[in-house]
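So this block is protein.cif, mmCIF, N, CA and C atoms:
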data_my_file
loop_
_atom_site.label_atom_id
_atom_site.label_comp_id
_atom_site.auth_asym_id
_atom_site.auth_seq_id
_atom_site.Cartn_x
_atom_site.Cartn_y
_atom_site.Cartn_z
N CYS A 168 -13.51 15.06 6.79
CA CYS A 168 -12.48 16.05 6.56
C CYS A 168 -12.39 16.96 7.78
N GLN A 169 -11.18 17.16 8.26
CA GLN A 169 -10.95 18.01 9.43
C GLN A 169 -10.27 19.30 9.01
N THR A 170 -10.51 20.35 9.78
CA THR A 170 -9.82 21.61 9.57
C THR A 170 -8.94 21.87 10.78
N ALA A 171 -7.63 21.99 10.53
CA ALA A 171 -6.70 22.25 11.62
C ALA A 171 -6.68 23.73 11.96
N THR A 172 -6.54 24.02 13.25
CA THR A 172 -6.50 25.42 13.68
C THR A 172 -5.08 25.90 13.97
N ASN A 173 -4.12 24.96 14.01
CA ASN A 173 -2.72 25.36 14.21
C ASN A 173 -1.81 24.32 13.56
N THR A 174 -0.53 24.61 13.52
CA THR A 174 0.42 23.74 12.83
C THR A 174 0.51 22.36 13.46
N LEU A 175 0.56 22.30 14.78
CA LEU A 175 0.65 21.02 15.47
C LEU A 175 -0.55 20.13 15.14
N GLU A 176 -1.73 20.71 15.16
CA GLU A 176 -2.95 19.96 14.83
C GLU A 176 -2.91 19.48 13.38
N LEU A 177 -2.39 20.32 12.49
CA LEU A 177 -2.28 19.95 11.08
C LEU A 177 -1.33 18.77 10.91
N VAL A 178 -0.18 18.81 11.58
CA VAL A 178 0.79 17.71 11.49
C VAL A 178 0.20 16.43 12.06
N ARG A 179 -0.46 16.53 13.21
CA ARG A 179 -1.08 15.34 13.82
C ARG A 179 -2.14 14.74 12.90
N THR A 180 -2.97 15.58 12.32
CA THR A 180 -4.01 15.11 11.41
C THR A 180 -3.40 14.45 10.18
N ALA A 181 -2.37 15.09 9.61
CA ALA A 181 -1.72 14.53 8.42
C ALA A 181 -1.07 13.19 8.73
N LEU A 182 -0.37 13.09 9.86
CA LEU A 182 0.26 11.83 10.24
C LEU A 182 -0.77 10.74 10.48
N HIS A 183 -1.86 11.09 11.14
CA HIS A 183 -2.92 10.11 11.39
C HIS A 183 -3.48 9.58 10.07
N GLU A 184 -3.75 10.48 9.14
CA GLU A 184 -4.31 10.05 7.86
C GLU A 184 -3.32 9.21 7.07
N MET A 185 -2.02 9.52 7.14
CA MET A 185 -1.02 8.76 6.39
C MET A 185 -0.75 7.40 7.01
N LEU A 186 -0.73 7.32 8.34
CA LEU A 186 -0.30 6.10 9.01
C LEU A 186 -1.44 5.19 9.46
N VAL A 187 -2.63 5.74 9.67
CA VAL A 187 -3.72 4.95 10.24
C VAL A 187 -4.85 4.70 9.24
N GLU A 188 -5.25 5.72 8.53
CA GLU A 188 -6.39 5.59 7.63
C GLU A 188 -6.00 4.80 6.38
N PRO A 189 -6.90 3.97 5.85
CA PRO A 189 -6.58 3.23 4.63
C PRO A 189 -6.53 4.18 3.43
N VAL A 190 -5.65 3.85 2.50
CA VAL A 190 -5.56 4.65 1.28
C VAL A 190 -6.73 4.26 0.39
N ARG A 191 -7.52 5.22 0.01
CA ARG A 191 -8.65 4.97 -0.89
C ARG A 191 -8.20 5.24 -2.32
N TRP A 192 -7.57 4.22 -2.93
CA TRP A 192 -7.01 4.40 -4.26
C TRP A 192 -8.08 4.79 -5.27
N ASP A 193 -9.30 4.28 -5.11
CA ASP A 193 -10.36 4.62 -6.05
C ASP A 193 -10.67 6.11 -6.01
N SER A 194 -10.78 6.67 -4.80
CA SER A 194 -11.06 8.10 -4.66
C SER A 194 -9.88 8.93 -5.14
N LEU A 195 -8.68 8.48 -4.80
CA LEU A 195 -7.47 9.20 -5.21
C LEU A 195 -7.37 9.25 -6.73
N LEU A 196 -7.57 8.11 -7.38
CA LEU A 196 -7.47 8.07 -8.84
C LEU A 196 -8.53 8.95 -9.49
N SER A 197 -9.77 8.88 -9.01
CA SER A 197 -10.83 9.68 -9.63
C SER A 197 -10.57 11.18 -9.43
N GLU A 198 -10.04 11.56 -8.28
CA GLU A 198 -9.75 12.99 -8.04
C GLU A 198 -8.59 13.46 -8.90
N VAL A 199 -7.55 12.64 -9.05
CA VAL A 199 -6.43 13.00 -9.92
C VAL A 199 -6.91 13.16 -11.35
N VAL A 200 -7.71 12.22 -11.83
CA VAL A 200 -8.24 12.30 -13.19
C VAL A 200 -9.07 13.56 -13.35
N SER A 201 -9.90 13.87 -12.37
CA SER A 201 -10.74 15.07 -12.43
C SER A 201 -9.88 16.34 -12.51
N GLN A 202 -8.85 16.42 -11.69
CA GLN A 202 -7.99 17.61 -11.68
C GLN A 202 -7.20 17.74 -12.98
N VAL A 203 -6.67 16.62 -13.47
CA VAL A 203 -5.86 16.66 -14.69
C VAL A 203 -6.72 17.01 -15.90
N THR A 204 -7.89 16.40 -16.02
CA THR A 204 -8.74 16.69 -17.19
C THR A 204 -9.31 18.10 -17.15
N SER A 205 -9.51 18.65 -15.95
CA SER A 205 -10.01 20.03 -15.88
C SER A 205 -8.94 21.04 -16.24
N ALA A 206 -7.67 20.63 -16.26
CA ALA A 206 -6.59 21.55 -16.63
C ALA A 206 -6.52 21.77 -18.13
N SER A 207 -7.26 20.99 -18.91
CA SER A 207 -7.36 21.13 -20.37
C SER A 207 -6.00 21.05 -21.06
N ASN A 208 -5.13 20.20 -20.57
CA ASN A 208 -3.84 20.00 -21.21
C ASN A 208 -3.87 18.65 -21.91
N ALA A 209 -3.51 18.63 -23.18
CA ALA A 209 -3.59 17.40 -23.97
C ALA A 209 -2.53 16.38 -23.57
N GLN A 210 -1.42 16.85 -23.02
CA GLN A 210 -0.34 15.94 -22.66
C GLN A 210 -0.28 15.77 -21.15
N CYS A 211 0.04 14.55 -20.73
CA CYS A 211 0.15 14.25 -19.30
C CYS A 211 1.31 13.29 -19.09
N SER A 212 2.14 13.58 -18.10
CA SER A 212 3.28 12.73 -17.79
C SER A 212 3.16 12.20 -16.37
N VAL A 213 3.29 10.89 -16.21
CA VAL A 213 3.25 10.25 -14.90
C VAL A 213 4.67 9.83 -14.56
N SER A 214 5.23 10.37 -13.48
CA SER A 214 6.58 10.03 -13.05
C SER A 214 6.51 9.17 -11.80
N ALA A 215 7.29 8.09 -11.77
CA ALA A 215 7.27 7.18 -10.63
C ALA A 215 8.67 6.66 -10.37
N PHE A 216 8.94 6.32 -9.12
CA PHE A 216 10.19 5.67 -8.76
C PHE A 216 9.94 4.17 -8.79
N GLY A 217 10.07 3.61 -9.97
CA GLY A 217 9.74 2.20 -10.17
C GLY A 217 8.29 2.11 -10.62
N VAL A 218 8.08 1.63 -11.83
CA VAL A 218 6.72 1.52 -12.37
C VAL A 218 6.04 0.33 -11.69
N THR A 219 4.87 0.60 -11.09
CA THR A 219 4.13 -0.41 -10.35
C THR A 219 2.72 -0.52 -10.89
N SER A 220 1.92 -1.38 -10.28
CA SER A 220 0.53 -1.52 -10.71
C SER A 220 -0.24 -0.22 -10.45
N ILE A 221 0.13 0.51 -9.40
CA ILE A 221 -0.54 1.79 -9.12
C ILE A 221 -0.23 2.79 -10.24
N THR A 222 1.02 2.82 -10.68
CA THR A 222 1.40 3.71 -11.78
C THR A 222 0.59 3.37 -13.03
N ASN A 223 0.51 2.09 -13.34
CA ASN A 223 -0.25 1.67 -14.52
C ASN A 223 -1.75 1.94 -14.36
N SER A 224 -2.28 1.79 -13.14
CA SER A 224 -3.69 2.09 -12.89
C SER A 224 -3.97 3.57 -13.11
N LEU A 225 -3.05 4.42 -12.67
CA LEU A 225 -3.21 5.86 -12.87
C LEU A 225 -3.20 6.20 -14.36
N ALA A 226 -2.25 5.63 -15.09
CA ALA A 226 -2.19 5.89 -16.53
C ALA A 226 -3.48 5.42 -17.22
N SER A 227 -3.98 4.25 -16.86
CA SER A 227 -5.23 3.74 -17.45
C SER A 227 -6.42 4.63 -17.10
N ALA A 228 -6.48 5.07 -15.84
CA ALA A 228 -7.59 5.94 -15.41
C ALA A 228 -7.55 7.26 -16.17
N LEU A 229 -6.35 7.80 -16.39
CA LEU A 229 -6.23 9.05 -17.15
C LEU A 229 -6.68 8.84 -18.60
N LYS A 230 -6.31 7.72 -19.20
CA LYS A 230 -6.75 7.44 -20.58
C LYS A 230 -8.27 7.31 -20.64
N ASN A 231 -8.84 6.58 -19.68
CA ASN A 231 -10.30 6.42 -19.63
C ASN A 231 -11.00 7.74 -19.36
N GLY A 232 -10.30 8.68 -18.70
CA GLY A 232 -10.88 9.98 -18.39
C GLY A 232 -10.77 10.97 -19.53
N GLY A 233 -10.15 10.56 -20.64
CA GLY A 233 -10.09 11.44 -21.80
C GLY A 233 -8.72 11.96 -22.15
N GLN A 234 -7.71 11.68 -21.36
CA GLN A 234 -6.35 12.12 -21.70
C GLN A 234 -5.83 11.23 -22.81
N SER A 235 -5.39 11.84 -23.91
CA SER A 235 -4.97 11.03 -25.05
C SER A 235 -3.46 10.81 -25.08
N ALA A 236 -2.67 11.77 -24.64
CA ALA A 236 -1.21 11.66 -24.70
C ALA A 236 -0.65 11.52 -23.29
N ILE A 237 -0.40 10.27 -22.89
CA ILE A 237 0.12 10.01 -21.54
C ILE A 237 1.46 9.30 -21.67
N THR A 238 2.45 9.81 -20.95
CA THR A 238 3.74 9.13 -20.89
C THR A 238 4.01 8.74 -19.45
N VAL A 239 4.54 7.53 -19.26
CA VAL A 239 4.92 7.05 -17.93
C VAL A 239 6.44 7.03 -17.89
N ARG A 240 7.00 7.73 -16.92
CA ARG A 240 8.46 7.82 -16.79
C ARG A 240 8.90 7.17 -15.49
N ASP A 241 9.85 6.25 -15.60
CA ASP A 241 10.43 5.61 -14.43
C ASP A 241 11.64 6.45 -14.00
N GLN A 242 11.54 7.04 -12.82
CA GLN A 242 12.59 7.92 -12.32
C GLN A 242 13.55 7.20 -11.37
N SER A 243 13.59 5.87 -11.41
CA SER A 243 14.45 5.11 -10.51
C SER A 243 15.92 5.49 -10.66
N ALA A 244 16.31 5.94 -11.84
CA ALA A 244 17.71 6.31 -12.07
C ALA A 244 18.13 7.49 -11.19
N TRP A 245 17.19 8.27 -10.68
CA TRP A 245 17.53 9.40 -9.81
C TRP A 245 18.08 8.94 -8.47
N VAL A 246 17.74 7.71 -8.06
CA VAL A 246 18.19 7.21 -6.77
C VAL A 246 19.62 6.70 -6.95
N PRO A 247 20.57 7.26 -6.17
CA PRO A 247 21.97 6.84 -6.33
C PRO A 247 22.14 5.35 -6.05
N ALA A 248 22.97 4.70 -6.86
CA ALA A 248 23.20 3.26 -6.72
C ALA A 248 23.95 2.92 -5.44
N ASP A 249 24.69 3.87 -4.87
CA ASP A 249 25.48 3.58 -3.67
C ASP A 249 24.62 3.54 -2.41
N HIS A 250 23.32 3.74 -2.52
CA HIS A 250 22.42 3.66 -1.37
C HIS A 250 21.76 2.29 -1.29
N ASP A 251 22.56 1.25 -1.48
CA ASP A 251 22.06 -0.12 -1.44
C ASP A 251 21.77 -0.50 0.00
N SER A 252 20.52 -0.83 0.30
CA SER A 252 20.13 -1.14 1.67
C SER A 252 20.25 -2.62 2.01
N ARG A 253 20.74 -3.42 1.09
CA ARG A 253 20.81 -4.85 1.33
C ARG A 253 21.96 -5.25 2.25
N GLY A 254 22.95 -4.40 2.41
CA GLY A 254 24.08 -4.73 3.28
C GLY A 254 25.08 -5.65 2.60
N ARG A 255 26.09 -6.04 3.37
CA ARG A 255 27.13 -6.91 2.82
C ARG A 255 26.66 -8.36 2.87
N THR A 256 26.87 -9.08 1.78
CA THR A 256 26.41 -10.46 1.72
C THR A 256 27.53 -11.47 1.54
N GLN A 257 28.76 -11.01 1.35
CA GLN A 257 29.82 -11.96 1.04
C GLN A 257 30.11 -12.94 2.17
N ASN A 258 29.84 -12.61 3.43
CA ASN A 258 30.11 -13.50 4.55
C ASN A 258 28.86 -14.20 5.08
N ASP A 259 27.73 -13.99 4.46
CA ASP A 259 26.49 -14.59 4.95
C ASP A 259 26.46 -16.08 4.67
N LYS A 260 25.94 -16.83 5.63
CA LYS A 260 25.82 -18.28 5.49
C LYS A 260 24.38 -18.70 5.20
N ILE A 261 23.48 -17.73 5.08
CA ILE A 261 22.08 -18.01 4.82
C ILE A 261 21.66 -17.27 3.56
N ALA A 262 20.93 -17.96 2.72
CA ALA A 262 20.38 -17.33 1.52
C ALA A 262 18.88 -17.59 1.49
N ILE A 263 18.10 -16.55 1.26
CA ILE A 263 16.65 -16.71 1.11
C ILE A 263 16.37 -16.89 -0.37
N VAL A 264 15.83 -18.05 -0.72
CA VAL A 264 15.62 -18.36 -2.13
C VAL A 264 14.15 -18.40 -2.52
N GLY A 265 13.27 -18.20 -1.55
CA GLY A 265 11.85 -18.20 -1.85
C GLY A 265 11.06 -17.85 -0.61
N MET A 266 9.77 -17.82 -0.74
CA MET A 266 8.92 -17.51 0.40
C MET A 266 7.56 -18.16 0.20
N SER A 267 6.87 -18.30 1.31
CA SER A 267 5.50 -18.77 1.26
C SER A 267 4.78 -18.19 2.45
N GLY A 268 3.50 -18.32 2.47
CA GLY A 268 2.75 -17.79 3.61
C GLY A 268 1.27 -18.03 3.45
N ARG A 269 0.58 -17.83 4.54
CA ARG A 269 -0.89 -17.86 4.53
C ARG A 269 -1.34 -16.43 4.73
N PHE A 270 -2.15 -15.96 3.82
CA PHE A 270 -2.57 -14.58 3.85
C PHE A 270 -4.08 -14.50 4.01
N PRO A 271 -4.56 -13.67 4.91
CA PRO A 271 -6.00 -13.58 5.13
C PRO A 271 -6.73 -13.06 3.89
N GLY A 272 -7.58 -13.90 3.35
CA GLY A 272 -8.39 -13.48 2.21
C GLY A 272 -7.64 -13.36 0.90
N ALA A 273 -6.41 -13.91 0.83
CA ALA A 273 -5.62 -13.80 -0.39
C ALA A 273 -4.85 -15.10 -0.62
N ALA A 274 -4.74 -15.48 -1.89
CA ALA A 274 -4.07 -16.74 -2.23
C ALA A 274 -2.56 -16.58 -2.37
N ASN A 275 -2.08 -15.33 -2.54
CA ASN A 275 -0.65 -15.11 -2.74
C ASN A 275 -0.29 -13.69 -2.30
N PRO A 276 1.01 -13.35 -2.23
CA PRO A 276 1.41 -12.01 -1.77
C PRO A 276 0.83 -10.88 -2.61
N GLU A 277 0.73 -11.07 -3.94
CA GLU A 277 0.18 -10.01 -4.79
C GLU A 277 -1.28 -9.73 -4.45
N ALA A 278 -2.05 -10.80 -4.20
CA ALA A 278 -3.45 -10.62 -3.83
C ALA A 278 -3.57 -9.95 -2.47
N LEU A 279 -2.63 -10.26 -1.56
CA LEU A 279 -2.62 -9.59 -0.25
C LEU A 279 -2.40 -8.10 -0.42
N TRP A 280 -1.42 -7.71 -1.26
CA TRP A 280 -1.18 -6.28 -1.48
C TRP A 280 -2.40 -5.61 -2.09
N ASP A 281 -3.10 -6.32 -2.98
CA ASP A 281 -4.32 -5.77 -3.56
C ASP A 281 -5.36 -5.49 -2.48
N LEU A 282 -5.52 -6.42 -1.53
CA LEU A 282 -6.46 -6.21 -0.41
C LEU A 282 -6.05 -4.99 0.41
N LEU A 283 -4.74 -4.88 0.69
CA LEU A 283 -4.25 -3.75 1.48
C LEU A 283 -4.46 -2.43 0.75
N GLU A 284 -4.18 -2.42 -0.56
CA GLU A 284 -4.37 -1.19 -1.34
C GLU A 284 -5.82 -0.74 -1.34
N ARG A 285 -6.75 -1.71 -1.35
CA ARG A 285 -8.17 -1.37 -1.36
C ARG A 285 -8.71 -1.09 0.04
N GLY A 286 -7.89 -1.30 1.08
CA GLY A 286 -8.30 -1.01 2.45
C GLY A 286 -9.38 -1.93 2.98
N LEU A 287 -9.42 -3.16 2.49
CA LEU A 287 -10.46 -4.10 2.92
C LEU A 287 -10.13 -4.72 4.28
N ASP A 288 -11.15 -4.93 5.08
CA ASP A 288 -11.00 -5.60 6.38
C ASP A 288 -11.45 -7.04 6.20
N VAL A 289 -10.50 -7.97 6.18
CA VAL A 289 -10.83 -9.38 5.96
C VAL A 289 -10.45 -10.23 7.17
N HIS A 290 -10.35 -9.60 8.34
CA HIS A 290 -9.93 -10.37 9.51
C HIS A 290 -11.03 -11.34 9.94
N ARG A 291 -10.61 -12.43 10.52
CA ARG A 291 -11.52 -13.43 11.06
C ARG A 291 -10.75 -14.21 12.12
N GLU A 292 -11.46 -15.03 12.87
CA GLU A 292 -10.82 -15.83 13.90
C GLU A 292 -9.89 -16.85 13.25
N VAL A 293 -8.73 -17.06 13.88
CA VAL A 293 -7.77 -18.04 13.37
C VAL A 293 -8.43 -19.42 13.42
N PRO A 294 -8.36 -20.19 12.33
CA PRO A 294 -8.98 -21.52 12.33
C PRO A 294 -8.40 -22.40 13.44
N ALA A 295 -9.26 -23.23 14.04
CA ALA A 295 -8.85 -24.07 15.18
C ALA A 295 -7.74 -25.04 14.80
N ASP A 296 -7.65 -25.44 13.53
CA ASP A 296 -6.58 -26.36 13.14
C ASP A 296 -5.21 -25.69 13.12
N ARG A 297 -5.18 -24.35 13.14
CA ARG A 297 -3.92 -23.62 13.22
C ARG A 297 -3.62 -23.16 14.63
N PHE A 298 -4.66 -22.74 15.37
CA PHE A 298 -4.48 -22.29 16.75
C PHE A 298 -5.84 -22.34 17.42
N ASP A 299 -5.96 -23.18 18.42
CA ASP A 299 -7.23 -23.32 19.13
C ASP A 299 -7.28 -22.29 20.25
N ALA A 300 -7.87 -21.14 19.97
CA ALA A 300 -7.92 -20.04 20.93
C ALA A 300 -8.67 -20.43 22.20
N LYS A 301 -9.70 -21.25 22.07
CA LYS A 301 -10.49 -21.64 23.25
C LYS A 301 -9.67 -22.48 24.22
N ALA A 302 -8.72 -23.27 23.69
CA ALA A 302 -7.90 -24.12 24.55
C ALA A 302 -6.74 -23.35 25.19
N HIS A 303 -6.37 -22.21 24.63
CA HIS A 303 -5.19 -21.49 25.09
C HIS A 303 -5.47 -20.15 25.76
N CYS A 304 -6.65 -19.62 25.60
CA CYS A 304 -6.95 -18.29 26.12
C CYS A 304 -8.19 -18.32 27.00
N ASP A 305 -8.13 -17.57 28.09
CA ASP A 305 -9.28 -17.43 28.99
C ASP A 305 -9.87 -16.05 28.76
N PRO A 306 -10.99 -15.94 28.04
CA PRO A 306 -11.56 -14.63 27.73
C PRO A 306 -12.03 -13.87 28.97
N SER A 307 -12.28 -14.57 30.07
CA SER A 307 -12.72 -13.88 31.29
C SER A 307 -11.55 -13.18 31.98
N GLY A 308 -10.34 -13.62 31.68
CA GLY A 308 -9.17 -13.01 32.31
C GLY A 308 -8.89 -13.55 33.70
N LYS A 309 -9.69 -14.49 34.16
CA LYS A 309 -9.51 -15.03 35.52
C LYS A 309 -8.46 -16.13 35.55
N GLY A 310 -8.42 -16.94 34.51
CA GLY A 310 -7.45 -18.04 34.46
C GLY A 310 -6.18 -17.60 33.76
N LYS A 311 -5.17 -18.45 33.84
CA LYS A 311 -3.89 -18.16 33.21
C LYS A 311 -3.92 -18.66 31.77
N ASN A 312 -3.54 -17.80 30.84
CA ASN A 312 -3.46 -18.21 29.44
C ASN A 312 -2.30 -19.18 29.26
N LYS A 313 -2.47 -20.14 28.37
CA LYS A 313 -1.45 -21.18 28.16
C LYS A 313 -0.54 -20.82 27.02
#
Go through the file and emit its structure as structure tokens.
Amino acid sequence: CQTATNTLELVRTALHEMLVEPVRWDSLLSEVVSQVTSASNAQCSVSAFGVTSITNSLASALKNGGQSAITVRDQSAWVPADHDSRGRTQNDKIAIVGMSGRFPGAANPEALWDLLERGLDVHREVPADRFDAKAHCDPSGKGKNK
């Protein structure tokens, strides 16, 4: 934990923590539960823009922490419908109908998001059958990479 001595330092620290540091969902959930249960309020409302697994995890953590009356509210209706970011599609000649991929340490996109949410480092060298780094890269920097 850092203590900022001026506004610029505070902004830099906040941006660094938001953009670089992994989100510790476990710590965040336990601290939220601690704060909410210490408020001694029997009712608790969780508002989200689109109910996700994080929203459901928070509701479950609050129930396990002793909160008996929890409501989850989807506030997606607050977002105006005219802010569609998909763009115009009537003249497009390409349609994306599915996706696939290889994800480090995950069998599917959902498992990949779970790894990212938990802040796990699962990097490893690319397998030689996908990319032979020894044949294409000169670690000494003396030769030309292929």
- [ ] List the residues selected by the PyMOL selection byres (((chain A and resi 225 and name CA) around 12) and name CA) in the file shown, writing them as a PyMOL selection string.
- [x] chain A and resi 192-201+203+211-215+218-224+226-232+234+237-239
Task: In chain A, DSSP strand (DSSP E or B) residues written as a ChimeraX atom specification - done: /A:210-215,236-241,270,273
Long-range neighbours of A:Pro189 as an mmCIF file with N, CA and C atoms, in the frame of the given file, 12 Å cut-off, only C-alpha atoms, 2 positions minimum in chain:
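Saved the output as out-v7.cif:
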data_model
loop_
_atom_site.group_PDB
_atom_site.id
_atom_site.type_symbol
_atom_site.label_atom_id
_atom_site.label_comp_id
_atom_site.auth_asym_id
_atom_site.auth_seq_id
_atom_site.Cartn_x
_atom_site.Cartn_y
_atom_site.Cartn_z
ATOM 1 N N HIS A 183 -1.860 11.090 11.140
ATOM 2 C CA HIS A 183 -2.920 10.110 11.390
ATOM 3 C C HIS A 183 -3.480 9.580 10.070
ATOM 4 N N GLU A 184 -3.750 10.480 9.140
ATOM 5 C CA GLU A 184 -4.310 10.050 7.860
ATOM 6 C C GLU A 184 -3.320 9.210 7.070
ATOM 7 N N MET A 185 -2.020 9.520 7.140
ATOM 8 C CA MET A 185 -1.020 8.760 6.390
ATOM 9 C C MET A 185 -0.750 7.400 7.010
ATOM 10 N N LEU A 186 -0.730 7.320 8.340
ATOM 11 C CA LEU A 186 -0.300 6.100 9.010
ATOM 12 C C LEU A 186 -1.440 5.190 9.460
ATOM 13 N N VAL A 187 -2.630 5.740 9.670
ATOM 14 C CA VAL A 187 -3.720 4.950 10.240
ATOM 15 C C VAL A 187 -4.850 4.700 9.240
ATOM 16 N N ARG A 191 -7.520 5.220 0.010
ATOM 17 C CA ARG A 191 -8.650 4.970 -0.890
ATOM 18 C C ARG A 191 -8.200 5.240 -2.320
ATOM 19 N N TRP A 192 -7.570 4.220 -2.930
ATOM 20 C CA TRP A 192 -7.010 4.400 -4.260
ATOM 21 C C TRP A 192 -8.080 4.790 -5.270
ATOM 22 N N ASP A 193 -9.300 4.280 -5.110
ATOM 23 C CA ASP A 193 -10.360 4.620 -6.050
ATOM 24 C C ASP A 193 -10.670 6.110 -6.010
ATOM 25 N N SER A 194 -10.780 6.670 -4.800
ATOM 26 C CA SER A 194 -11.060 8.100 -4.660
ATOM 27 C C SER A 194 -9.880 8.930 -5.140
ATOM 28 N N LEU A 195 -8.680 8.480 -4.800
ATOM 29 C CA LEU A 195 -7.470 9.200 -5.210
ATOM 30 C C LEU A 195 -7.370 9.250 -6.730
ATOM 31 N N LEU A 282 -5.520 -6.420 -1.530
ATOM 32 C CA LEU A 282 -6.460 -6.210 -0.410
ATOM 33 C C LEU A 282 -6.050 -4.990 0.410
ATOM 34 N N LEU A 283 -4.740 -4.880 0.690
ATOM 35 C CA LEU A 283 -4.250 -3.750 1.480
ATOM 36 C C LEU A 283 -4.460 -2.430 0.750
ATOM 37 N N GLU A 284 -4.180 -2.420 -0.560
ATOM 38 C CA GLU A 284 -4.370 -1.190 -1.340
ATOM 39 C C GLU A 284 -5.820 -0.740 -1.340
ATOM 40 N N ARG A 285 -6.750 -1.710 -1.350
ATOM 41 C CA ARG A 285 -8.170 -1.370 -1.360
ATOM 42 C C ARG A 285 -8.710 -1.090 0.040
ATOM 43 N N GLY A 286 -7.890 -1.300 1.080
ATOM 44 C CA GLY A 286 -8.300 -1.010 2.450
ATOM 45 C C GLY A 286 -9.380 -1.930 2.980
ATOM 46 N N LEU A 287 -9.420 -3.160 2.490
ATOM 47 C CA LEU A 287 -10.460 -4.100 2.920
ATOM 48 C C LEU A 287 -10.130 -4.720 4.280
ATOM 49 N N ASP A 288 -11.150 -4.930 5.080
ATOM 50 C CA ASP A 288 -11.000 -5.600 6.380
ATOM 51 C C ASP A 288 -11.450 -7.040 6.200
#
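If you look at atom N of A:His290 and atom N of A:Gly272, they are 7.1 Å away from each other.
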Task: Residue set, chain A restricted to alpha helix (DSSP H), as a PyMOL selection string - done: chain A and resi 174-186+192-205+220-231+276-285+300-303
Task: Distance in Å - atom CA of A:Lys301 versus atom CA of A:Phe270 - done: 22.1 Å
Task: d(atom N of A:Ala295, atom C of A:Asn312) in Å - done: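 Spanning atom N of A:Ala295 to atom C of A:Asn312 is a straight-line distance of 17.2 Å.
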TODO: Decode the PyMOL selection byres (((chain A and resi 216 and name CA) around 6) and name CA) for the given file into explicit residues and return them as a PyMOL selection string.
DONE: chain A and resi 215+217+241-243
Task: Given all atoms listed in the file as the counted atoms, nearest of A:Asp259, A:Gln210, A:Ala278, A:Lys309 to A:Ser235 - done: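 The closest residue to A:Ser235 is A:Gln210.
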